[in-house]
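As provided, upload09.cif (mmCIF, C-alpha atoms) reads as follows.
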data_structure
loop_
_atom_site.label_atom_id
_atom_site.label_comp_id
_atom_site.auth_asym_id
_atom_site.auth_seq_id
_atom_site.Cartn_x
_atom_site.Cartn_y
_atom_site.Cartn_z
CA MET A 1114 0.00 0.00 0.00
CA SER A 1115 1.48 3.33 -1.08
CA ARG A 1116 1.46 6.37 1.22
CA PHE A 1117 0.04 8.42 -1.66
CA THR A 1118 -3.69 8.84 -2.13
CA MET A 1119 -6.32 10.64 -4.20
CA ASP A 1120 -8.45 11.14 -1.09
CA GLU A 1121 -8.65 14.54 0.60
CA VAL A 1122 -5.49 15.13 2.62
CA ALA A 1123 -5.44 17.86 5.27
CA TRP A 1124 -2.61 20.36 5.65
CA HIS A 1125 -1.72 21.83 9.03
CA PRO A 1126 0.37 25.02 8.95
CA ARG A 1127 3.34 25.49 11.28
CA ILE A 1128 2.72 29.25 11.54
CA PRO A 1129 -0.64 30.96 12.04
CA PRO A 1130 -2.52 31.61 8.77
CA VAL A 1131 -3.96 35.09 8.20
CA ALA A 1132 -7.56 35.35 9.44
CA ALA A 1133 -9.50 36.25 6.28
CA GLU A 1134 -11.70 38.79 8.10
CA GLN A 1135 -8.61 40.53 9.53
CA ALA A 1136 -6.52 40.56 6.33
CA THR A 1137 -4.87 43.86 5.36
CA PRO A 1138 -5.63 45.46 1.97
CA ALA A 1139 -2.23 44.24 0.70
CA GLN A 1140 -2.97 40.69 1.83
CA LEU A 1141 -6.43 40.75 0.20
CA ALA A 1142 -4.99 42.08 -3.05
CA ALA A 1143 -2.35 39.32 -3.09
CA LEU A 1144 -4.98 36.65 -2.46
CA GLU A 1145 -7.01 38.00 -5.40
CA ALA A 1146 -4.20 36.94 -7.75
CA CYS A 1147 -4.42 33.32 -6.60
CA PRO A 1148 -6.64 30.61 -8.12
CA PRO A 1149 -10.23 31.57 -7.17
CA ALA A 1150 -11.14 28.19 -5.69
CA GLN A 1151 -8.15 28.28 -3.33
CA ARG A 1152 -8.06 31.90 -2.14
CA ARG A 1153 -9.50 31.04 1.24
CA SER A 1154 -7.58 27.79 1.72
CA THR A 1155 -5.41 27.44 4.82
CA TYR A 1156 -2.36 27.17 2.57
CA PHE A 1157 -2.92 30.45 0.74
CA LEU A 1158 -3.93 32.23 3.96
CA THR A 1159 -0.62 31.05 5.44
CA LEU A 1160 1.31 32.40 2.44
CA ALA A 1161 -0.66 35.67 2.79
CA ASN A 1162 1.48 36.48 5.83
CA ASP A 1163 3.90 37.87 3.22
CA PRO A 1164 1.67 39.54 0.62
CA GLY A 1165 4.52 40.67 -1.62
CA SER A 1166 5.75 37.18 -2.40
CA LEU A 1167 2.23 35.76 -2.57
CA GLY A 1168 1.12 38.25 -5.21
CA GLU A 1169 3.83 37.58 -7.80
CA ARG A 1170 4.18 33.90 -7.03
CA GLY A 1171 0.40 33.39 -6.94
CA ALA A 1172 0.03 35.03 -10.33
CA LEU A 1173 2.87 32.88 -11.65
CA PHE A 1174 1.26 29.72 -10.34
CA ASN A 1175 -2.09 30.70 -11.84
CA SER A 1176 -0.58 31.29 -15.29
CA VAL A 1177 1.37 28.04 -15.21
CA MET A 1178 -1.61 25.88 -14.34
CA TYR A 1179 -4.42 27.66 -16.21
CA ALA A 1180 -2.99 29.52 -19.23
CA PRO A 1181 -5.15 28.65 -22.26
CA ARG A 1182 -4.12 26.40 -25.19
CA GLY A 1183 -0.84 24.55 -25.10
CA LEU A 1184 -0.49 21.51 -22.87
CA PRO A 1185 -3.93 20.13 -21.93
CA ARG A 1186 -4.92 20.77 -18.31
CA ALA A 1187 -5.02 17.07 -17.52
CA GLU A 1188 -1.41 16.66 -18.61
CA ARG A 1189 -0.32 19.62 -16.47
CA GLU A 1190 -2.02 17.85 -13.57
CA LEU A 1191 -0.28 14.58 -14.49
CA ALA A 1192 3.12 16.29 -14.51
CA THR A 1193 2.55 18.10 -11.22
CA ALA A 1194 1.27 14.93 -9.56
CA VAL A 1195 4.40 13.10 -10.68
CA VAL A 1196 6.72 15.88 -9.46
CA SER A 1197 4.90 15.80 -6.12
CA LEU A 1198 5.27 12.00 -5.96
CA VAL A 1199 8.99 12.21 -6.66
CA ASN A 1200 9.38 14.94 -4.01
CA GLY A 1201 7.28 13.01 -1.51
CA CYS A 1202 4.64 15.74 -1.03
CA ILE A 1203 1.56 13.76 -0.02
CA TYR A 1204 -0.74 16.79 0.02
CA CYS A 1205 0.20 18.14 -3.43
CA THR A 1206 0.11 14.64 -4.91
CA SER A 1207 -3.43 14.10 -3.64
CA VAL A 1208 -4.71 17.40 -5.03
CA HIS A 1209 -3.24 17.01 -8.50
CA ALA A 1210 -3.90 13.29 -8.77
CA ARG A 1211 -7.55 14.02 -8.00
CA ARG A 1212 -7.73 16.81 -10.61
CA PHE A 1213 -6.19 14.52 -13.22
CA ALA A 1214 -8.75 11.82 -12.40
CA GLU A 1215 -11.62 14.33 -12.62
CA LEU A 1216 -10.47 15.82 -15.92
CA THR A 1217 -9.75 12.49 -17.62
CA ARG A 1218 -12.38 10.35 -15.82
CA GLU A 1219 -9.61 7.81 -15.47
CA PRO A 1220 -9.18 7.37 -11.72
CA ALA A 1221 -7.90 3.82 -12.20
CA ALA A 1222 -4.97 5.06 -14.29
CA MET A 1223 -3.99 7.54 -11.59
CA GLN A 1224 -4.51 4.99 -8.82
CA ALA A 1225 -2.06 2.67 -10.57
CA LEU A 1226 0.49 5.47 -10.72
CA LEU A 1227 0.05 6.18 -7.00
CA ASP A 1228 0.18 2.50 -6.02
CA GLU A 1229 2.95 1.30 -8.32
CA GLY A 1230 4.94 4.49 -8.76
CA ILE A 1231 6.13 6.16 -11.95
CA GLY A 1232 7.28 2.84 -13.45
CA THR A 1233 3.66 1.75 -13.91
CA ALA A 1234 2.56 0.89 -17.46
CA LEU A 1235 1.49 4.01 -19.39
CA PRO A 1236 0.54 4.89 -22.97
CA PRO A 1237 3.43 6.52 -24.89
CA ARG A 1238 2.49 10.20 -24.51
CA ARG A 1239 1.96 9.89 -20.77
CA ARG A 1240 5.12 7.78 -20.48
CA ALA A 1241 7.14 10.58 -22.09
CA ILE A 1242 5.58 13.26 -19.87
CA VAL A 1243 6.08 11.25 -16.68
CA ASP A 1244 9.70 10.39 -17.46
CA PHE A 1245 10.61 13.98 -18.33
CA ALA A 1246 8.86 15.29 -15.20
CA ALA A 1247 10.72 12.83 -12.98
CA LYS A 1248 14.12 13.57 -14.52
CA LEU A 1249 13.82 17.38 -14.57
CA THR A 1250 12.70 17.20 -10.94
CA ALA A 1251 15.42 14.89 -9.64
CA THR A 1252 18.41 15.83 -11.79
CA PRO A 1253 17.88 19.17 -13.56
CA GLY A 1254 21.59 19.50 -14.25
CA ALA A 1255 21.54 16.30 -16.31
CA ILE A 1256 18.77 17.39 -18.70
CA THR A 1257 19.86 17.91 -22.31
CA GLY A 1258 18.19 18.51 -25.63
CA ALA A 1259 18.08 14.75 -26.16
CA ASP A 1260 15.65 14.41 -23.25
CA LEU A 1261 13.04 16.21 -25.35
CA ALA A 1262 13.12 13.57 -28.09
CA PRO A 1263 10.58 11.22 -26.44
CA LEU A 1264 8.21 14.18 -25.95
CA ARG A 1265 8.53 15.16 -29.60
CA ALA A 1266 8.03 11.54 -30.68
CA ALA A 1267 4.82 11.53 -28.63
CA GLY A 1268 3.63 14.62 -30.54
CA LEU A 1269 4.26 17.49 -28.12
CA GLU A 1270 4.62 20.84 -29.87
CA ASP A 1271 6.80 23.75 -28.75
CA LEU A 1272 4.19 25.45 -26.58
CA GLU A 1273 3.25 22.13 -24.98
CA VAL A 1274 6.88 21.44 -24.09
CA LEU A 1275 7.23 24.95 -22.63
CA ASP A 1276 4.06 24.47 -20.58
CA LEU A 1277 5.35 21.14 -19.34
CA ILE A 1278 8.66 22.71 -18.25
CA HIS A 1279 6.77 25.47 -16.44
CA ALA A 1280 4.49 23.00 -14.63
CA ILE A 1281 7.39 20.79 -13.52
CA ALA A 1282 9.44 23.77 -12.34
CA MET A 1283 6.48 25.28 -10.48
CA PHE A 1284 6.14 22.21 -8.31
CA ALA A 1285 9.79 22.20 -7.32
CA ASN A 1286 8.60 25.38 -5.62
CA ALA A 1287 5.11 24.38 -4.49
CA ASN A 1288 6.16 21.09 -2.91
CA ARG A 1289 8.92 22.75 -0.89
CA LEU A 1290 6.60 25.49 0.38
CA MET A 1291 3.93 23.00 1.35
CA GLN A 1292 6.33 20.56 3.03
CA SER A 1293 8.22 23.13 5.07
CA LEU A 1294 5.47 25.53 6.15
CA GLY A 1295 3.09 22.76 7.18
CA ALA A 1296 2.41 19.06 7.47
CA SER A 1297 0.29 16.74 5.31
CA VAL A 1298 -2.21 14.83 7.42
CA ALA A 1299 -3.45 11.69 5.68
CA PRO A 1300 -7.15 10.74 5.96
CA MET B 1194 16.29 41.36 -20.97
CA ASP B 1195 15.06 39.50 -17.92
CA LEU B 1196 17.21 37.27 -15.71
CA VAL B 1197 16.34 34.08 -17.60
CA GLU B 1198 17.23 35.68 -20.96
CA THR B 1199 20.46 37.05 -19.53
CA LEU B 1200 21.58 33.75 -18.03
CA LEU B 1201 20.72 31.71 -21.12
CA GLY B 1202 21.64 34.28 -23.74
CA ILE B 1203 18.15 34.26 -25.27
CA ALA B 1204 18.27 36.98 -27.92
CA PRO B 1205 15.23 39.22 -28.49
CA GLY B 1206 13.33 37.97 -31.53
CA SER B 1207 14.88 34.49 -31.35
CA PRO B 1208 12.53 31.48 -31.63
CA LEU B 1209 12.79 30.79 -27.89
CA ALA B 1210 12.06 34.44 -27.06
CA GLU B 1211 9.02 34.28 -29.35
CA LEU B 1212 7.88 31.05 -27.71
CA ARG B 1213 8.22 32.55 -24.23
CA GLY B 1214 6.27 35.52 -25.54
CA GLN B 1215 3.27 33.22 -25.93
CA ARG B 1216 3.36 32.88 -22.15
CA ALA B 1217 3.92 36.56 -21.39
CA GLY B 1218 2.28 36.31 -17.96
CA ILE B 1219 4.62 33.53 -16.90
CA ARG B 1220 7.63 35.44 -18.20
CA GLN B 1221 6.52 38.59 -16.38
CA HIS B 1222 5.77 36.91 -13.05
CA THR B 1223 8.94 34.77 -13.13
CA GLU B 1224 10.93 38.00 -13.21
CA GLY B 1225 8.52 39.71 -10.80
CA ALA B 1226 8.81 36.95 -8.21
CA TRP B 1227 12.61 36.99 -8.45
CA ARG B 1228 12.69 40.75 -7.86
CA GLU B 1229 10.07 40.61 -5.14
CA LEU B 1230 11.94 37.89 -3.26
CA VAL B 1231 15.60 38.79 -3.78
CA LEU B 1232 15.56 42.51 -4.63
CA PRO B 1233 12.43 43.96 -2.97
CA ALA B 1234 12.13 47.74 -2.66
CA GLU B 1235 10.94 47.19 0.92
CA PRO B 1236 12.82 44.19 2.30
CA GLY B 1237 10.96 44.28 5.63
CA GLY B 1238 12.29 41.94 8.29
CA VAL B 1239 14.67 40.02 6.00
CA SER B 1240 17.59 42.13 4.76
CA LEU B 1241 18.79 42.26 1.17
CA ALA B 1242 22.08 40.69 2.32
CA GLU B 1243 20.23 37.76 3.92
CA ARG B 1244 18.10 37.35 0.81
CA ALA B 1245 21.12 37.27 -1.49
CA ALA B 1246 22.92 34.81 0.80
CA LEU B 1247 19.93 32.44 0.81
CA ALA B 1248 19.55 32.64 -2.97
CA LEU B 1249 23.26 31.99 -3.45
CA ARG B 1250 23.22 29.03 -1.09
CA VAL B 1251 20.33 27.33 -2.91
CA ALA B 1252 21.77 28.07 -6.36
CA ARG B 1253 25.02 26.43 -5.24
CA LEU B 1254 23.21 23.42 -3.78
CA GLY B 1255 21.34 23.07 -7.05
CA GLY B 1256 24.62 23.16 -8.95
CA HIS B 1257 23.66 26.17 -11.09
CA ASP B 1258 26.93 28.02 -11.59
CA GLY B 1259 25.46 30.71 -13.84
CA LEU B 1260 22.77 31.67 -11.36
CA ALA B 1261 25.23 31.57 -8.46
CA ALA B 1262 27.67 33.81 -10.36
CA HIS B 1263 24.89 36.30 -11.05
CA ILE B 1264 23.89 36.41 -7.37
CA ARG B 1265 27.52 37.09 -6.40
CA THR B 1266 27.31 40.33 -8.41
CA LEU B 1267 24.40 41.70 -6.36
CA PRO B 1268 25.26 44.81 -4.32
CA VAL B 1269 25.27 43.29 -0.84
CA PRO B 1270 28.00 42.95 1.82
CA ALA B 1271 30.64 40.36 0.95
CA GLU B 1272 30.42 38.70 4.39
CA ALA B 1273 26.86 37.55 3.75
CA LEU B 1274 27.81 35.95 0.45
CA ALA B 1275 30.91 34.37 2.00
CA ALA B 1276 28.71 32.79 4.68
CA ALA B 1277 26.55 31.26 1.96
CA GLU B 1278 29.59 29.47 0.58
CA ASP B 1279 30.15 27.68 3.90
CA PRO B 1280 27.02 27.70 6.07
CA VAL B 1281 28.34 25.13 8.54
CA ARG B 1282 30.68 27.82 9.84
CA ALA B 1283 28.14 30.66 9.59
CA GLU B 1284 26.95 31.78 12.98
CA GLY B 1285 23.95 33.47 14.52
CA ARG B 1286 20.81 34.32 12.63
CA LEU B 1287 22.40 34.06 9.17
CA GLY B 1288 23.77 30.62 10.01
CA LEU B 1289 20.33 29.51 11.14
CA LEU B 1290 18.76 30.87 7.94
CA LEU B 1291 21.34 29.14 5.74
CA ARG B 1292 20.83 25.79 7.45
CA TYR B 1293 17.07 26.26 6.99
CA ALA B 1294 17.77 26.87 3.29
CA ASP B 1295 19.67 23.58 3.09
CA LEU B 1296 16.72 21.76 4.65
CA VAL B 1297 14.02 23.31 2.46
CA ALA B 1298 16.04 22.98 -0.73
CA GLU B 1299 17.37 19.45 -0.21
CA ALA B 1300 15.08 17.61 2.22
CA PRO B 1301 11.87 19.58 2.82
CA GLU B 1302 10.06 16.45 4.00
CA ARG B 1303 12.32 16.48 7.04
CA CYS B 1304 11.24 19.98 8.09
CA GLY B 1305 9.18 19.96 11.27
CA GLN B 1306 7.63 22.31 13.80
CA ALA B 1307 10.95 22.60 15.65
CA GLU B 1308 12.75 24.06 12.62
CA ILE B 1309 10.02 26.66 12.08
CA ASP B 1310 9.90 27.49 15.80
CA ALA B 1311 13.68 28.02 15.78
CA LEU B 1312 13.20 30.75 13.16
CA GLY B 1313 10.59 32.40 15.36
CA ALA B 1314 12.90 32.18 18.37
CA ALA B 1315 15.58 33.98 16.34
CA GLY B 1316 13.20 36.89 15.89
CA LEU B 1317 11.56 36.12 12.54
CA SER B 1318 7.89 37.05 12.32
CA PRO B 1319 5.39 34.84 10.46
CA GLN B 1320 5.78 37.24 7.51
CA ASP B 1321 9.57 36.85 7.59
CA ILE B 1322 9.28 33.05 7.78
CA VAL B 1323 7.03 32.99 4.72
CA ALA B 1324 9.35 35.40 2.89
CA VAL B 1325 12.47 33.31 3.45
CA THR B 1326 10.66 30.06 2.63
CA GLN B 1327 9.25 31.56 -0.57
CA LEU B 1328 12.70 32.76 -1.54
CA ILE B 1329 14.41 29.45 -0.81
CA ALA B 1330 11.69 27.51 -2.66
CA PHE B 1331 11.81 29.84 -5.66
CA ILE B 1332 15.40 29.00 -6.61
CA PRO B 1333 14.61 25.30 -7.33
CA PHE B 1334 11.86 26.60 -9.67
CA GLN B 1335 14.37 28.80 -11.46
CA ILE B 1336 16.91 26.02 -11.77
CA ARG B 1337 14.41 23.67 -13.43
CA LEU B 1338 13.05 26.41 -15.65
CA LEU B 1339 16.59 27.28 -16.78
CA ALA B 1340 17.43 23.59 -17.35
CA GLY B 1341 14.29 23.02 -19.40
CA LEU B 1342 14.79 26.13 -21.54
CA ARG B 1343 18.42 25.20 -22.09
CA ALA B 1344 17.28 21.81 -23.36
CA LEU B 1345 15.04 23.61 -25.86
CA GLN B 1346 18.04 25.68 -26.99
CA GLU B 1347 20.16 22.54 -27.39
CA GLU B 1348 17.41 20.81 -29.31
CA ALA B 1349 17.11 23.76 -31.70
CA ALA B 1350 20.88 23.86 -32.22
CA ALA B 1351 21.18 20.11 -32.91
#
Step by step, read the file and then write its structure as structure tokens.
Amino acid sequence: MSRFTMDEVAWHPRIPPVAAEQATPAQLAALEACPPAQRRSTYFLTLANDPGSLGERGALFNSVMYAPRGLPRAERELATAVVSLVNGCIYCTSVHARRFAELTREPAAMQALLDEGIGTALPPRRRAIVDFAAKLTATPGAITGADLAPLRAAGLEDLEVLDLIHAIAMFANANRLMQSLGASVAP
Amino acid sequence: MDLVETLLGIAPGSPLAELRGQRAGIRQHTEGAWRELVLPAEPGGVSLAERAALALRVARLGGHDGLAAHIRTLPVPAEALAAAEDPVRAEGRLGLLLRYADLVAEAPERCGQAEIDALGAAGLSPQDIVAVTQLIAFIPFQIRLLAGLRALQEEAAA
């Protein structure tokens, strides 16, 4: 049994989150730049302690995950779930595994990835995305142009590759924030 | 040119510059977050010297020589940057911050309440703790972004 799950995982902050009703104008403005569904989450209210960094970073995160066209949303979720798996972030893995399952209606495929790890059997395009995500996460210094060949063979165009790089890089950041500022609490 | 373009030598009008232009918001906020975290106009409770030292430490840990070299050119006191080269010997608050950077960058799953409380005991407010954690966690983003874009450059040159 893997420690990773698609079920709702709680996150307990190690510093007090901002109380939404007591937020300063700067904190409220920074929260406005974050994904609408998550503006009042404990995680974002914790980050709101420093509105400057939340504003720019929140806007960056939003663009990476939701910018139109390019890499399909489900594949951004696949990549970020895999990065989170490799980094051992149980909370982030659960969120993005769940979104992948919702968008694709393929919960069994994601469950296999969570249970068996990134070596699980995958169709070629997903195989290429998962392998690139794992390598760029674990050994960024070892990535070369040749590592893009499997993505190209699977049909990814320039903008899709760029979106994939952005999504993978974003979760080097998101996982570290989540793991250090708080604790994942499994169901 | 932004920091990414400078470090990778991405020329204006080049295919990679045009491609990044299709994600103008990401390009803008990548630079904005870097400036907000490392070069803020109002550094608040975390000094510009501490910020540069943390960024340098994580860039070195991540093995990104180009980014580390750029950070060494920032206008901050040399002692802070020297401490980032050898945090085991760094003392006081800066030593504590640098060891926290090592933890968040290399083994964030091992961070616990005690490590966060130690920052508070050294006088960091919740805002300061978020600021330093955001900064430390931003450098691994940059390193993977730079590595991925460099792969695109290599692919185009092949």
field: Selection result for the PyMOL selection byres ((chain B) within 8 of (chain A)) on this file, as a ChimeraX atom specification
entry: /B:1212-1213,1215-1216,1218-1219,1222-1223,1225-1226,1229-1230,1256-1257,1297-1298,1301-1302,1304-1306,1309,1319-1321,1323-1324,1326-1327,1330-1338,1340-1348
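Here atom CA of Ala1266 of chain A stands at a distance of 14.1 Å from atom CA of Val1243 of chain A.
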- request: Check what the PyMOL selection byres ((chain A and resi 1204-1218) around 7) selects in the file above and give those residues as number ranges by chain.
  value: A: 1117-1122, 1124, 1187, 1190-1191, 1193-1194, 1197-1198, 1202-1203, 1219-1220, 1223, 1288, 1297
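Our summary of the geometry notes that atom CA of Gly1259 of chain B is positioned 9.9 Å from atom CA of Thr1199 of chain B.
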- prompt: So which residues fall inside 9 Å of (-6.4, 34.0, 5.3) if we count all atoms listed in the file? Mind giving them as an MDAnalysis selection string?
  reply: chainID A and resid 1130:1136 1140:1141 1144 1152:1162
With C-alpha atoms retained, could you export that selection as a PDB file, in the frame of the given file?
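The resulting again.pdb:
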ATOM      1  CA  PRO A1130      -2.520  31.610   8.770  1.00  0.00           C
ATOM      2  CA  VAL A1131      -3.960  35.090   8.200  1.00  0.00           C
ATOM      3  CA  ALA A1132      -7.560  35.350   9.440  1.00  0.00           C
ATOM      4  CA  ALA A1133      -9.500  36.250   6.280  1.00  0.00           C
ATOM      5  CA  GLU A1134     -11.700  38.790   8.100  1.00  0.00           C
ATOM      6  CA  GLN A1135      -8.610  40.530   9.530  1.00  0.00           C
ATOM      7  CA  ALA A1136      -6.520  40.560   6.330  1.00  0.00           C
ATOM      8  CA  GLN A1140      -2.970  40.690   1.830  1.00  0.00           C
ATOM      9  CA  LEU A1141      -6.430  40.750   0.200  1.00  0.00           C
ATOM     10  CA  LEU A1144      -4.980  36.650  -2.460  1.00  0.00           C
ATOM     11  CA  ARG A1152      -8.060  31.900  -2.140  1.00  0.00           C
ATOM     12  CA  ARG A1153      -9.500  31.040   1.240  1.00  0.00           C
ATOM     13  CA  SER A1154      -7.580  27.790   1.720  1.00  0.00           C
ATOM     14  CA  THR A1155      -5.410  27.440   4.820  1.00  0.00           C
ATOM     15  CA  TYR A1156      -2.360  27.170   2.570  1.00  0.00           C
ATOM     16  CA  PHE A1157      -2.920  30.450   0.740  1.00  0.00           C
ATOM     17  CA  LEU A1158      -3.930  32.230   3.960  1.00  0.00           C
ATOM     18  CA  THR A1159      -0.620  31.050   5.440  1.00  0.00           C
ATOM     19  CA  LEU A1160       1.310  32.400   2.440  1.00  0.00           C
ATOM     20  CA  ALA A1161      -0.660  35.670   2.790  1.00  0.00           C
ATOM     21  CA  ASN A1162       1.480  36.480   5.830  1.00  0.00           C
TER      22      ASN A1162
END
Could segment 1302-1323 of chain B be completed with N, CA and C atoms and written as a compact mmCIF listing (two decimals), in the coordinates of the input, please?
# COMPACT_ATOMS: atom_id res chain seq x y z
N GLU B 1302 10.92 17.37 3.25
CA GLU B 1302 10.06 16.45 4.00
C GLU B 1302 10.56 16.24 5.42
N ARG B 1303 11.80 16.64 5.69
CA ARG B 1303 12.32 16.48 7.04
C ARG B 1303 12.11 17.73 7.90
N CYS B 1304 11.53 18.78 7.31
CA CYS B 1304 11.24 19.98 8.09
C CYS B 1304 10.11 19.68 9.07
N GLY B 1305 10.23 20.17 10.27
CA GLY B 1305 9.18 19.96 11.27
C GLY B 1305 8.89 21.24 12.03
N GLN B 1306 8.01 21.14 13.00
CA GLN B 1306 7.63 22.31 13.80
C GLN B 1306 8.86 22.93 14.48
N ALA B 1307 9.80 22.08 14.91
CA ALA B 1307 10.95 22.60 15.65
C ALA B 1307 11.79 23.54 14.78
N GLU B 1308 11.94 23.21 13.51
CA GLU B 1308 12.75 24.06 12.62
C GLU B 1308 12.08 25.42 12.40
N ILE B 1309 10.75 25.40 12.26
CA ILE B 1309 10.02 26.66 12.08
C ILE B 1309 10.06 27.47 13.38
N ASP B 1310 9.88 26.79 14.51
CA ASP B 1310 9.90 27.49 15.80
C ASP B 1310 11.27 28.12 16.06
N ALA B 1311 12.33 27.46 15.58
CA ALA B 1311 13.68 28.02 15.78
C ALA B 1311 13.81 29.35 15.04
N LEU B 1312 13.16 29.47 13.89
CA LEU B 1312 13.20 30.75 13.16
C LEU B 1312 12.47 31.82 13.96
N GLY B 1313 11.33 31.45 14.53
CA GLY B 1313 10.59 32.40 15.36
C GLY B 1313 11.40 32.82 16.57
N ALA B 1314 12.09 31.87 17.18
CA ALA B 1314 12.90 32.18 18.37
C ALA B 1314 14.05 33.11 18.03
N ALA B 1315 14.50 33.09 16.77
CA ALA B 1315 15.58 33.98 16.34
C ALA B 1315 15.05 35.35 15.93
N GLY B 1316 13.75 35.57 16.13
CA GLY B 1316 13.20 36.89 15.89
C GLY B 1316 12.46 37.05 14.57
N LEU B 1317 12.30 35.99 13.80
CA LEU B 1317 11.56 36.12 12.54
C LEU B 1317 10.06 36.08 12.81
N SER B 1318 9.35 37.02 12.22
CA SER B 1318 7.89 37.05 12.32
C SER B 1318 7.31 36.02 11.36
N PRO B 1319 6.01 35.71 11.47
CA PRO B 1319 5.39 34.84 10.46
C PRO B 1319 5.61 35.36 9.03
N GLN B 1320 5.53 36.68 8.85
CA GLN B 1320 5.78 37.24 7.51
C GLN B 1320 7.21 36.95 7.05
N ASP B 1321 8.17 37.11 7.96
CA ASP B 1321 9.57 36.85 7.59
C ASP B 1321 9.77 35.37 7.25
N ILE B 1322 9.12 34.50 8.02
CA ILE B 1322 9.28 33.05 7.78
C ILE B 1322 8.72 32.68 6.41
N VAL B 1323 7.58 33.26 6.06
CA VAL B 1323 7.03 32.99 4.72
C VAL B 1323 7.96 33.57 3.66
